[in-house]
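A.B. asks: One structure follows; several queries about it will come next.
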Amino acid sequence: MAKRRTTVRRAPKPAPVRQLGDPVLRTKADPVTVFDEALAETVELMFASMYQARGVGLAANQIGLSHALFVMDCEGVVAVVANPRITELSEEVETGPEGCLSVSGHSYPTARARRATVVGQDQTGAPIEITGEGEVARCLQHESDHLIGKVYLDRLSGDVRRRARQEVETV
């Protein structure tokens with residue numbers, strides 16, 4: 001009897017996270033149009049990179065890929081969102097500490113809508129909708145911003161923005 005051959009897929013080696021100053025972080029991502037094995041591998045790479053960096057969310061451009069795609073594992077919400085679009089933001093705003101894997105070592109109080117809804121597609125192309133409050137809402141907004149070429153520092157104002165400009169070289 002012939003033995004059945006199985007292929008064991010190894011976890012991908014995490015990619016380095018691009019840092020502020022890298023032009024890819026300021027470039028609008030291209031829509032995801034093909035939902036195939038290559039995209040599934042990209043998603044695995046993104047999760048591996050996010051976990052390695054001890055983050056709760058990661059946009060594709062943060063590892064140098066121009067795909068409108070982010071992954072998150074925040075407060076029990078684990079998701080893959082391609083082509084995200086924010087469809088609802090609460091009028092109620094919360095200011096809380098926010099950091100970014102692409103702005104290592106810095107955290108600033110950032111105002112965000114307390115509740116947010118994002119629609120898009122999962123890694124298979126199926127429609128997905130995520131609504132969250134607090135940290136989940138913050139993550140949805142933060143990662144969606146990355147895909148349009150914004151970083152959280154762009155949302156700062158007043159003294160906090162001035163302090164960030166002094167502390168972070170490439171704002």
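By order in the structure tokens, chains are A, B, ...; within a chain, residues start at 1; ligands start at 1, following the order shown.
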Just the helix (DSSP H, G or I) stuff from stretch 50-156 of chain A, please, per backbone DSSP, written as a count of residues only.
C.D. replies: 23
A.B. asks: Find the residue from A:Ser144, A:Ser102, A:Thr27, A:Gln166 that sits nearest to A:Pro84; use only C-alpha atoms when measuring.
C.D. replies: A:Ser144
A.B. asks: One decimal, Å: what's the distance from atom CA of A:Pro97 over to atom CA of A:Val71, could you say?
C.D. replies: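 Interatomic distance, atom CA of A:Pro97 to atom CA of A:Val71: 20.4 Å.
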A.B. asks: Per residue of stretch 70-112 of chain A within 12 Å of stretch 41-44 of chain A, which atom pair is closest and at what distance in Å (one decimal), using only C-alpha atoms, listed by chain and increasing number, as a tab-separated table?
C.D. replies:
residue	atom	partner	partner_atom	distance
A:Phe70	CA	A:Val43	CA	8.3
A:Val71	CA	A:Val43	CA	7.3
A:Met72	CA	A:Val43	CA	10.5
A:Ala79	CA	A:Val43	CA	10.1
A:Val80	CA	A:Val43	CA	7.5
A:Val81	CA	A:Val43	CA	9.8
A:Ala82	CA	A:Val43	CA	10.1
A.B. asks: Those same residues - N, CA, C and O atoms - I'd like them written as a short mmCIF file (atom, residue, chain, number, x, y, z; two decimals), in the first residue's frame.
C.D. replies:
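Once everything was written out, this is again.cif:
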data_model
loop_
_atom_site.label_atom_id
_atom_site.label_comp_id
_atom_site.auth_asym_id
_atom_site.auth_seq_id
_atom_site.Cartn_x
_atom_site.Cartn_y
_atom_site.Cartn_z
N PHE A 70 -6.37 44.70 5.89
CA PHE A 70 -5.81 44.72 7.23
C PHE A 70 -6.26 43.51 8.01
O PHE A 70 -7.26 42.87 7.68
N VAL A 71 -5.48 43.19 9.04
CA VAL A 71 -5.82 42.11 9.96
C VAL A 71 -5.87 42.72 11.36
O VAL A 71 -5.23 43.74 11.62
N MET A 72 -6.65 42.09 12.22
CA MET A 72 -6.71 42.58 13.60
C MET A 72 -7.01 41.44 14.55
O MET A 72 -7.64 40.45 14.17
N ALA A 79 -10.04 39.40 12.85
CA ALA A 79 -10.65 39.59 11.54
C ALA A 79 -9.63 39.90 10.47
O ALA A 79 -8.53 40.38 10.75
N VAL A 80 -10.04 39.63 9.24
CA VAL A 80 -9.33 40.00 8.03
C VAL A 80 -10.31 40.85 7.24
O VAL A 80 -11.44 40.41 6.99
N VAL A 81 -9.90 42.06 6.86
CA VAL A 81 -10.80 42.94 6.12
C VAL A 81 -10.08 43.46 4.88
O VAL A 81 -9.07 44.16 4.98
N ALA A 82 -10.62 43.10 3.72
CA ALA A 82 -10.12 43.61 2.45
C ALA A 82 -11.06 44.72 1.99
O ALA A 82 -12.27 44.65 2.24
#
A.B. asks: Excluding A:Ile128 and its own-chain neighbours fewer than 5 positions away, which residues fall within 8 Å of it when counting only C-alpha atoms? Please give them as a PyMOL selection string.
C.D. replies: chain A and resi 81+119-122
